[in-house]
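Q: First, the structure itself, so that you have it in front of you.
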Amino acid sequence: MRFPSSSLRRGLATHATADVVAAAPPKTRHDWMREEIQKIYDSPLLDLVFRASSVHRQHHDPGKIQLCTLMNIKVGGCSEDCSYCSQSSRYQTPTKASRLAELELVLEAARKAKANGSTRFCMGAAWRDLAGRKRGFERILEMVREVRKMDMEVCTTLGMLTPEQAQRLKEAGLTAYNHNLDTSREFYPRVITTRSYDDRLDTIAAVREAGISVCSGGILGLGEADEDRVGLIYEVSNMPEHPESFPVNALVPIPGTPLEGNEPVKHQILLRTIATARIVLPTTIIRLAAGRQTLSESEQAMCFMAGANAVFTGDHMLTTDCSHWDEDKAMMSRWGLEGMESFEQKQVAVKEGTRLQPASTFPESASTLESSNEVLPAPSAARM
Ligand code: SF4
């Protein structure tokens, strides 16, 4: 017996959603009630995944996954007390502090990432903020300029930012800034005490104001309850613009940190969180981030089915292991998935404006685009 071709198999697999795909996409909302999100999160798991998958197909090509590579450009020695983090100087961990990486080393890593198919390169530095780091900041701006010249999306995570620093990063060509809310407002003080939830929201507002795409999500497995995972999604859903990316991390407990003994997060919790986020944040890219290497291939596929459409791939995460490009490319080929191009997400392309093509070809702002619910080209299954 012959099996159907991969495109036909994908078509058959998505046949049940054809009516939903054809329907007008639901409006992107910024007025979600927490109880509504909780109700979605608590729905029977397969119904939840089906609904999320349907929403996903209305706003994204389900055959595309964004490949991002992360580099830790300044390791450890951080003054903050994030209880999950091996880079905090308050804990005795295996992570050793380093100085800020040299430009050429970073560019070499970015070139390698691009050659392996990554289209976003993210650079992380372990510190509270950029205060007193004038020379270091200049070097980072140079890194941003040079990586952007490679036609990659470039992202940084450098702690808290002032509006002026955000503006300078934008001028250097920064595509996105990562600043996670981590968890709900209520649970947050149990995780970090050295900066507040509102400090984080201020940095996100400065990034947004500078015209940089926002990457902001959370970590599961901190000891939080279902209500906290819902609280995190609620918080980002009520932002004036949804973050362009929502990373979902599964805690990798690090010896020496206060959370070293935490139980690994259950897959069904991860799946519920991704599916709920996909329904509530329909145009956002949902990134399966730290902890992915602990998932089996079929568990990862369920996450993609539920709406995750980005991964970190490469040699390392910031301080933990990462699935390697070769492994990921082989997995994606088995599941009929392919990598996104740079700036394929329209909200991100809009922010890039004339750096990509004449501004007149874009809607006037990202929020206009978001509220118009412009749909990407038909999903590959429907293109057969
Ligand atoms: S998560 Fe970031 S801010 Fe918190 S301790 Fe680690 S490096 Fe510092």
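Here, A, B, ... name the chains of the structure tokens in the order displayed, residue numbers run from 1 inside each chain, and ligands are numbered from 1 in the same displayed order.
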Could you tell me, as a PyMOL selection string, which residues of range 33-127 of chain A DSSP assigns to helix (DSSP H, G or I) when given the backbone?
A: chain A and resi 34-41+45-59+103-115
Q: At a cut-off of 8 Å around ligand 1, and using only C-alpha atoms and all ligand atoms, what residues come up? Please write them as a ChimeraX atom specification.
A: /A:75-89,125-128,158-159,192
Q: Please produce a file of those selected residues containing N, CA and C atoms, as a compact mmCIF listing (two decimals), in the first residue's frame.
A:
# COMPACT_ATOMS: atom_id res chain seq x y z
N VAL A 75 28.10 36.60 30.41
CA VAL A 75 27.58 35.54 31.27
C VAL A 75 27.75 35.91 32.76
N GLY A 76 26.72 35.60 33.54
CA GLY A 76 26.80 35.56 35.00
C GLY A 76 27.14 36.88 35.69
N GLY A 77 27.28 36.80 37.03
CA GLY A 77 27.66 37.96 37.83
C GLY A 77 26.56 39.00 37.93
N CYS A 78 25.31 38.60 37.76
CA CYS A 78 24.19 39.55 37.75
C CYS A 78 23.73 39.84 39.18
N SER A 79 23.41 41.11 39.43
CA SER A 79 23.05 41.53 40.78
C SER A 79 21.60 41.18 41.16
N GLU A 80 20.79 40.77 40.18
CA GLU A 80 19.37 40.48 40.46
C GLU A 80 19.22 39.13 41.16
N ASP A 81 18.01 38.90 41.71
CA ASP A 81 17.84 37.65 42.48
C ASP A 81 16.78 36.71 41.88
N CYS A 82 16.63 36.73 40.57
CA CYS A 82 15.65 35.85 39.90
C CYS A 82 15.92 34.41 40.36
N SER A 83 14.94 33.80 41.00
CA SER A 83 15.23 32.56 41.74
C SER A 83 15.42 31.35 40.85
N TYR A 84 15.20 31.50 39.55
CA TYR A 84 15.41 30.39 38.61
C TYR A 84 16.75 30.49 37.92
N CYS A 85 17.50 31.56 38.13
CA CYS A 85 18.60 31.89 37.22
C CYS A 85 19.98 31.54 37.76
N SER A 86 20.74 30.84 36.94
CA SER A 86 22.09 30.45 37.36
C SER A 86 23.07 31.60 37.20
N GLN A 87 22.63 32.73 36.65
CA GLN A 87 23.56 33.84 36.40
C GLN A 87 23.53 34.88 37.51
N SER A 88 22.65 34.68 38.50
CA SER A 88 22.60 35.61 39.63
C SER A 88 23.82 35.41 40.51
N SER A 89 24.46 36.52 40.89
CA SER A 89 25.66 36.41 41.74
C SER A 89 25.28 36.02 43.17
N ALA A 125 22.58 39.59 27.76
CA ALA A 125 23.64 39.99 28.71
C ALA A 125 23.06 39.92 30.12
N ALA A 126 23.82 39.34 31.03
CA ALA A 126 23.33 39.13 32.41
C ALA A 126 23.68 40.35 33.26
N TRP A 127 22.78 41.27 33.32
CA TRP A 127 22.90 42.40 34.25
C TRP A 127 21.53 43.03 34.47
N ARG A 128 21.46 43.90 35.50
CA ARG A 128 20.17 44.52 35.85
C ARG A 128 19.74 45.53 34.78
N LEU A 158 18.77 42.78 27.60
CA LEU A 158 19.84 43.48 28.33
C LEU A 158 19.34 44.04 29.65
N GLY A 159 18.26 43.48 30.18
CA GLY A 159 17.70 44.01 31.42
C GLY A 159 16.85 45.25 31.19
N ILE A 192 11.07 36.98 42.21
CA ILE A 192 12.09 38.04 42.11
C ILE A 192 11.70 39.16 43.08
Q: Rounded to one decimal, what separation in Å do you get between CA of Met340 in chain A and CA of Arg29 in chain A?
A: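 Taking CA of Met340 in chain A and CA of Arg29 in chain A, their separation equals 25.5 Å.
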Q: Using only C-alpha atoms, which residues sit within 6 Å of range 209-226 of chain A once same-chain residues fewer than 4 positions away are excluded, as a PDB file with N, CA and C atoms, in the first residue's frame?
A:
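Writing the result to part_17.pdb gives the following:
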ATOM      1  N   ALA A 166      16.420  52.619  24.546  1.00  0.00           N
ATOM      2  CA  ALA A 166      15.584  51.898  23.577  1.00  0.00           C
ATOM      3  C   ALA A 166      15.669  52.592  22.213  1.00  0.00           C
ATOM      4  N   GLN A 167      15.643  53.912  22.228  1.00  0.00           N
ATOM      5  CA  GLN A 167      15.715  54.674  20.981  1.00  0.00           C
ATOM      6  C   GLN A 167      17.034  54.418  20.263  1.00  0.00           C
ATOM      7  N   THR A 175      15.603  44.739  15.919  1.00  0.00           N
ATOM      8  CA  THR A 175      14.267  44.295  15.494  1.00  0.00           C
ATOM      9  C   THR A 175      13.360  44.100  16.703  1.00  0.00           C
ATOM     10  N   ALA A 176      13.878  43.403  17.725  1.00  0.00           N
ATOM     11  CA  ALA A 176      13.025  43.014  18.857  1.00  0.00           C
ATOM     12  C   ALA A 176      13.818  43.069  20.158  1.00  0.00           C
ATOM     13  N   TYR A 177      13.079  43.272  21.253  1.00  0.00           N
ATOM     14  CA  TYR A 177      13.715  43.280  22.576  1.00  0.00           C
ATOM     15  C   TYR A 177      12.976  42.289  23.460  1.00  0.00           C
ATOM     16  N   ASN A 178      13.733  41.406  24.093  1.00  0.00           N
ATOM     17  CA  ASN A 178      13.108  40.425  24.986  1.00  0.00           C
ATOM     18  C   ASN A 178      13.139  40.920  26.430  1.00  0.00           C
ATOM     19  N   HIS A 179      11.977  40.934  27.059  1.00  0.00           N
ATOM     20  CA  HIS A 179      11.877  41.285  28.474  1.00  0.00           C
ATOM     21  C   HIS A 179      10.657  40.526  28.994  1.00  0.00           C
ATOM     22  N   ASN A 180      10.889  39.399  29.627  1.00  0.00           N
ATOM     23  CA  ASN A 180       9.780  38.546  30.049  1.00  0.00           C
ATOM     24  C   ASN A 180       9.099  39.072  31.306  1.00  0.00           C
ATOM     25  N   LEU A 181       7.782  38.878  31.358  1.00  0.00           N
ATOM     26  CA  LEU A 181       7.073  39.167  32.619  1.00  0.00           C
ATOM     27  C   LEU A 181       7.213  37.985  33.574  1.00  0.00           C
ATOM     28  N   ASP A 182       7.579  36.847  33.054  1.00  0.00           N
ATOM     29  CA  ASP A 182       7.846  35.601  33.796  1.00  0.00           C
ATOM     30  C   ASP A 182       6.593  34.882  34.282  1.00  0.00           C
ATOM     31  N   THR A 183       5.701  35.597  35.005  1.00  0.00           N
ATOM     32  CA  THR A 183       4.539  34.922  35.614  1.00  0.00           C
ATOM     33  C   THR A 183       3.455  35.965  35.899  1.00  0.00           C
ATOM     34  N   ALA A 205       7.177  49.179  27.794  1.00  0.00           N
ATOM     35  CA  ALA A 205       6.562  50.383  27.205  1.00  0.00           C
ATOM     36  C   ALA A 205       7.618  51.211  26.468  1.00  0.00           C
ATOM     37  N   PRO A 243       2.420  41.608  22.428  1.00  0.00           N
ATOM     38  CA  PRO A 243       3.819  41.420  22.051  1.00  0.00           C
ATOM     39  C   PRO A 243       3.883  40.675  20.715  1.00  0.00           C
ATOM     40  N   GLU A 244       4.868  41.004  19.912  1.00  0.00           N
ATOM     41  CA  GLU A 244       5.021  40.282  18.637  1.00  0.00           C
ATOM     42  C   GLU A 244       5.437  38.838  18.897  1.00  0.00           C
ATOM     43  N   SER A 245       6.152  38.600  20.011  1.00  0.00           N
ATOM     44  CA  SER A 245       6.531  37.226  20.368  1.00  0.00           C
ATOM     45  C   SER A 245       6.220  36.978  21.835  1.00  0.00           C
ATOM     46  N   PHE A 246       5.817  35.729  22.096  1.00  0.00           N
ATOM     47  CA  PHE A 246       5.502  35.309  23.468  1.00  0.00           C
ATOM     48  C   PHE A 246       6.277  34.013  23.719  1.00  0.00           C
ATOM     49  N   PRO A 247       7.475  34.112  24.330  1.00  0.00           N
ATOM     50  CA  PRO A 247       8.223  32.883  24.600  1.00  0.00           C
ATOM     51  C   PRO A 247       7.643  32.122  25.784  1.00  0.00           C
ATOM     52  N   VAL A 248       7.549  30.814  25.638  1.00  0.00           N
ATOM     53  CA  VAL A 248       7.103  29.963  26.738  1.00  0.00           C
ATOM     54  C   VAL A 248       8.277  29.068  27.124  1.00  0.00           C
ATOM     55  N   ASN A 249       8.798  29.297  28.309  1.00  0.00           N
ATOM     56  CA  ASN A 249       9.947  28.531  28.810  1.00  0.00           C
ATOM     57  C   ASN A 249       9.464  27.503  29.822  1.00  0.00           C
ATOM     58  N   ALA A 250      10.084  26.319  29.810  1.00  0.00           N
ATOM     59  CA  ALA A 250       9.847  25.337  30.878  1.00  0.00           C
ATOM     60  C   ALA A 250      11.103  25.351  31.747  1.00  0.00           C
ATOM     61  N   LEU A 251      10.910  25.581  33.032  1.00  0.00           N
ATOM     62  CA  LEU A 251      12.073  25.729  33.921  1.00  0.00           C
ATOM     63  C   LEU A 251      13.022  24.533  33.802  1.00  0.00           C
ATOM     64  N   VAL A 265       7.886  20.769  34.652  1.00  0.00           N
ATOM     65  CA  VAL A 265       6.492  21.076  34.315  1.00  0.00           C
ATOM     66  C   VAL A 265       5.920  19.944  33.453  1.00  0.00           C
TER      67      VAL A 265
END
Q: Contacts of Glu36 in chain A at 12 Å or less, counting only C-alpha atoms, minus same-chain residues fewer than 2 places along, as a ChimeraX atom specification?
A: /A:31-34,38-43,227,230-231,233-234,237,276,279-280
Q: Within 12 Å of range 149-155 of chain A, counting only C-alpha atoms, which residues qualify if same-chain residues fewer than 6 places away don't, as a PDB file with C-alpha atoms, in the first residue's frame?
A:
ATOM      1  CA  GLN A  66      10.727  30.632  13.070  1.00  0.00           C
ATOM      2  CA  LEU A  67      14.276  29.479  13.863  1.00  0.00           C
ATOM      3  CA  CYS A  68      16.071  31.697  16.363  1.00  0.00           C
ATOM      4  CA  THR A  69      19.559  31.358  17.793  1.00  0.00           C
ATOM      5  CA  LEU A  70      20.549  32.744  21.152  1.00  0.00           C
ATOM      6  CA  MET A  71      24.010  33.823  22.289  1.00  0.00           C
ATOM      7  CA  ASN A  72      24.973  34.755  25.817  1.00  0.00           C
ATOM      8  CA  LEU A 107      29.491  38.085  14.405  1.00  0.00           C
ATOM      9  CA  GLU A 108      31.033  34.684  13.856  1.00  0.00           C
ATOM     10  CA  ALA A 109      28.203  33.105  15.884  1.00  0.00           C
ATOM     11  CA  ALA A 110      25.593  35.083  13.918  1.00  0.00           C
ATOM     12  CA  ARG A 111      27.104  34.001  10.598  1.00  0.00           C
ATOM     13  CA  LYS A 112      27.026  30.380  11.746  1.00  0.00           C
ATOM     14  CA  ALA A 113      23.388  30.752  12.827  1.00  0.00           C
ATOM     15  CA  LYS A 114      22.421  32.227   9.475  1.00  0.00           C
ATOM     16  CA  ALA A 115      24.301  29.530   7.547  1.00  0.00           C
ATOM     17  CA  GLY A 117      18.950  28.526   8.641  1.00  0.00           C
ATOM     18  CA  SER A 118      18.235  30.731  11.670  1.00  0.00           C
ATOM     19  CA  THR A 119      16.597  34.015  10.732  1.00  0.00           C
ATOM     20  CA  ARG A 120      16.640  35.695  14.150  1.00  0.00           C
ATOM     21  CA  PHE A 121      19.782  36.157  16.235  1.00  0.00           C
ATOM     22  CA  CYS A 122      19.268  37.028  19.911  1.00  0.00           C
ATOM     23  CA  MET A 123      21.961  38.340  22.261  1.00  0.00           C
ATOM     24  CA  GLY A 124      21.567  38.196  26.033  1.00  0.00           C
ATOM     25  CA  ALA A 125      23.635  39.990  28.709  1.00  0.00           C
ATOM     26  CA  ILE A 140      26.336  46.146  21.733  1.00  0.00           C
ATOM     27  CA  LEU A 141      25.027  48.813  19.349  1.00  0.00           C
ATOM     28  CA  GLU A 142      27.801  47.829  16.956  1.00  0.00           C
ATOM     29  CA  MET A 143      26.807  44.159  17.307  1.00  0.00           C
ATOM     30  CA  LEU A 169      18.895  50.398  19.943  1.00  0.00           C
ATOM     31  CA  LYS A 170      16.165  51.130  17.409  1.00  0.00           C
ATOM     32  CA  ALA A 172      21.133  50.793  15.416  1.00  0.00           C
ATOM     33  CA  GLY A 173      18.621  48.477  13.709  1.00  0.00           C
ATOM     34  CA  LEU A 174      17.277  46.352  16.571  1.00  0.00           C
ATOM     35  CA  THR A 175      14.267  44.295  15.494  1.00  0.00           C
ATOM     36  CA  ALA A 176      13.025  43.014  18.857  1.00  0.00           C
ATOM     37  CA  TYR A 177      13.715  43.280  22.576  1.00  0.00           C
ATOM     38  CA  ASN A 178      13.108  40.425  24.986  1.00  0.00           C
ATOM     39  CA  HIS A 179      11.877  41.285  28.474  1.00  0.00           C
ATOM     40  CA  VAL A 207      10.678  49.372  23.807  1.00  0.00           C
ATOM     41  CA  ILE A 212      10.918  47.956  18.488  1.00  0.00           C
ATOM     42  CA  SER A 213       8.988  44.670  18.460  1.00  0.00           C
ATOM     43  CA  VAL A 214       8.325  43.253  21.905  1.00  0.00           C
ATOM     44  CA  CYS A 215       9.200  39.702  22.919  1.00  0.00           C
ATOM     45  CA  SER A 216       7.695  39.015  26.334  1.00  0.00           C
ATOM     46  CA  SER A 245       6.531  37.226  20.368  1.00  0.00           C
ATOM     47  CA  MET A 340      10.281  31.224   8.302  1.00  0.00           C
ATOM     48  CA  GLU A 341      12.052  33.918   6.336  1.00  0.00           C
ATOM     49  CA  SER A 342      13.347  37.012   8.135  1.00  0.00           C
ATOM     50  CA  PHE A 343      10.575  39.571   8.685  1.00  0.00           C
ATOM     51  CA  GLU A 344       7.880  37.147   7.617  1.00  0.00           C
ATOM     52  CA  GLN A 345       5.723  38.233  10.578  1.00  0.00           C
ATOM     53  CA  VAL A 348       7.606  42.960  12.712  1.00  0.00           C
ATOM     54  CA  ALA A 349       7.984  43.922   9.045  1.00  0.00           C
ATOM     55  CA  LYS A 351       8.096  48.177  12.392  1.00  0.00           C
ATOM     56  CA  GLU A 352      11.099  47.683  10.128  1.00  0.00           C
ATOM     57  CA  ARG A 355      14.529  49.505   6.058  1.00  0.00           C
ATOM     58  CA  LEU A 356      12.740  46.707   4.197  1.00  0.00           C
TER      59      LEU A 356
END
Q: List every residue of range 127-323 of chain A that DSSP, applied to the backbone of this structure, places in strand (DSSP E or B), and write the result as a PyMOL selection string.
A: chain A and resi 129+153-157+160+176-178+182+213-215+218-220+245-250+285-288+310-312+316+321
Q: Restricting the output to N, CA and C atoms, write the selected residues as a tab-separated table (two decimals), in the first residue's frame.
A:
chain	number	residue	atom	x	y	z
A	129	ASP	N	20.73	46.36	34.36
A	129	ASP	CA	20.43	47.42	33.39
A	129	ASP	C	21.75	47.91	32.79
A	153	GLU	N	16.89	39.07	11.54
A	153	GLU	CA	16.22	39.82	12.60
A	153	GLU	C	17.17	39.79	13.79
A	154	VAL	N	17.30	40.91	14.48
A	154	VAL	CA	18.23	40.95	15.60
A	154	VAL	C	17.50	41.36	16.88
A	155	CYS	N	17.74	40.59	17.93
A	155	CYS	CA	17.03	40.78	19.20
A	155	CYS	C	18.07	40.86	20.31
A	156	THR	N	17.79	41.63	21.35
A	156	THR	CA	18.67	41.63	22.53
A	156	THR	C	17.82	41.49	23.78
A	157	THR	N	18.47	41.04	24.85
A	157	THR	CA	17.86	41.05	26.18
A	157	THR	C	18.95	41.53	27.13
A	160	MET	N	16.77	46.08	32.23
A	160	MET	CA	15.88	47.24	32.13
A	160	MET	C	16.48	48.30	31.21
A	176	ALA	N	13.88	43.40	17.73
A	176	ALA	CA	13.02	43.01	18.86
A	176	ALA	C	13.82	43.07	20.16
A	177	TYR	N	13.08	43.27	21.25
A	177	TYR	CA	13.71	43.28	22.58
A	177	TYR	C	12.98	42.29	23.46
A	178	ASN	N	13.73	41.41	24.09
A	178	ASN	CA	13.11	40.43	24.99
A	178	ASN	C	13.14	40.92	26.43
A	182	ASP	N	7.58	36.85	33.05
A	182	ASP	CA	7.85	35.60	33.80
A	182	ASP	C	6.59	34.88	34.28
A	213	SER	N	9.93	45.75	18.15
A	213	SER	CA	8.99	44.67	18.46
A	213	SER	C	9.27	44.13	19.86
A	214	VAL	N	8.20	43.74	20.53
A	214	VAL	CA	8.32	43.25	21.90
A	214	VAL	C	8.27	41.73	21.93
A	215	CYS	N	9.20	41.14	22.67
A	215	CYS	CA	9.20	39.70	22.92
A	215	CYS	C	9.05	39.56	24.43
A	218	GLY	N	6.90	34.03	29.48
A	218	GLY	CA	7.06	33.57	30.85
A	218	GLY	C	7.78	32.24	30.98
A	219	ILE	N	7.84	31.81	32.22
A	219	ILE	CA	8.50	30.55	32.57
A	219	ILE	C	7.48	29.70	33.34
A	220	LEU	N	7.37	28.45	32.94
A	220	LEU	CA	6.48	27.52	33.66
A	220	LEU	C	7.34	26.62	34.54
A	245	SER	N	6.15	38.60	20.01
A	245	SER	CA	6.53	37.23	20.37
A	245	SER	C	6.22	36.98	21.83
A	246	PHE	N	5.82	35.73	22.10
A	246	PHE	CA	5.50	35.31	23.47
A	246	PHE	C	6.28	34.01	23.72
A	247	PRO	N	7.47	34.11	24.33
A	247	PRO	CA	8.22	32.88	24.60
A	247	PRO	C	7.64	32.12	25.78
A	248	VAL	N	7.55	30.81	25.64
A	248	VAL	CA	7.10	29.96	26.74
A	248	VAL	C	8.28	29.07	27.12
A	249	ASN	N	8.80	29.30	28.31
A	249	ASN	CA	9.95	28.53	28.81
A	249	ASN	C	9.46	27.50	29.82
A	250	ALA	N	10.08	26.32	29.81
A	250	ALA	CA	9.85	25.34	30.88
A	250	ALA	C	11.10	25.35	31.75
A	285	ILE	N	3.75	35.56	17.60
A	285	ILE	CA	4.54	34.33	17.43
A	285	ILE	C	4.78	33.73	18.81
A	286	ILE	N	4.46	32.45	18.97
A	286	ILE	CA	4.64	31.80	20.27
A	286	ILE	C	5.88	30.90	20.18
A	287	ARG	N	6.84	31.23	21.02
A	287	ARG	CA	8.14	30.55	20.92
A	287	ARG	C	8.30	29.51	22.01
A	288	LEU	N	8.56	28.29	21.58
A	288	LEU	CA	8.88	27.21	22.52
A	288	LEU	C	10.35	27.42	22.87
A	310	ALA	N	7.71	29.03	16.83
A	310	ALA	CA	9.12	29.46	16.84
A	310	ALA	C	9.86	28.60	17.85
A	311	VAL	N	11.15	28.42	17.58
A	311	VAL	CA	12.00	27.69	18.54
A	311	VAL	C	13.36	28.36	18.59
A	312	PHE	N	14.08	28.09	19.67
A	312	PHE	CA	15.50	28.40	19.71
A	312	PHE	C	16.24	27.15	19.25
A	316	HIS	N	23.59	26.50	22.02
A	316	HIS	CA	23.24	26.69	23.44
A	316	HIS	C	22.05	27.61	23.59
A	321	ASP	N	21.11	23.64	27.75
A	321	ASP	CA	21.30	23.01	26.44
A	321	ASP	C	20.20	23.42	25.48
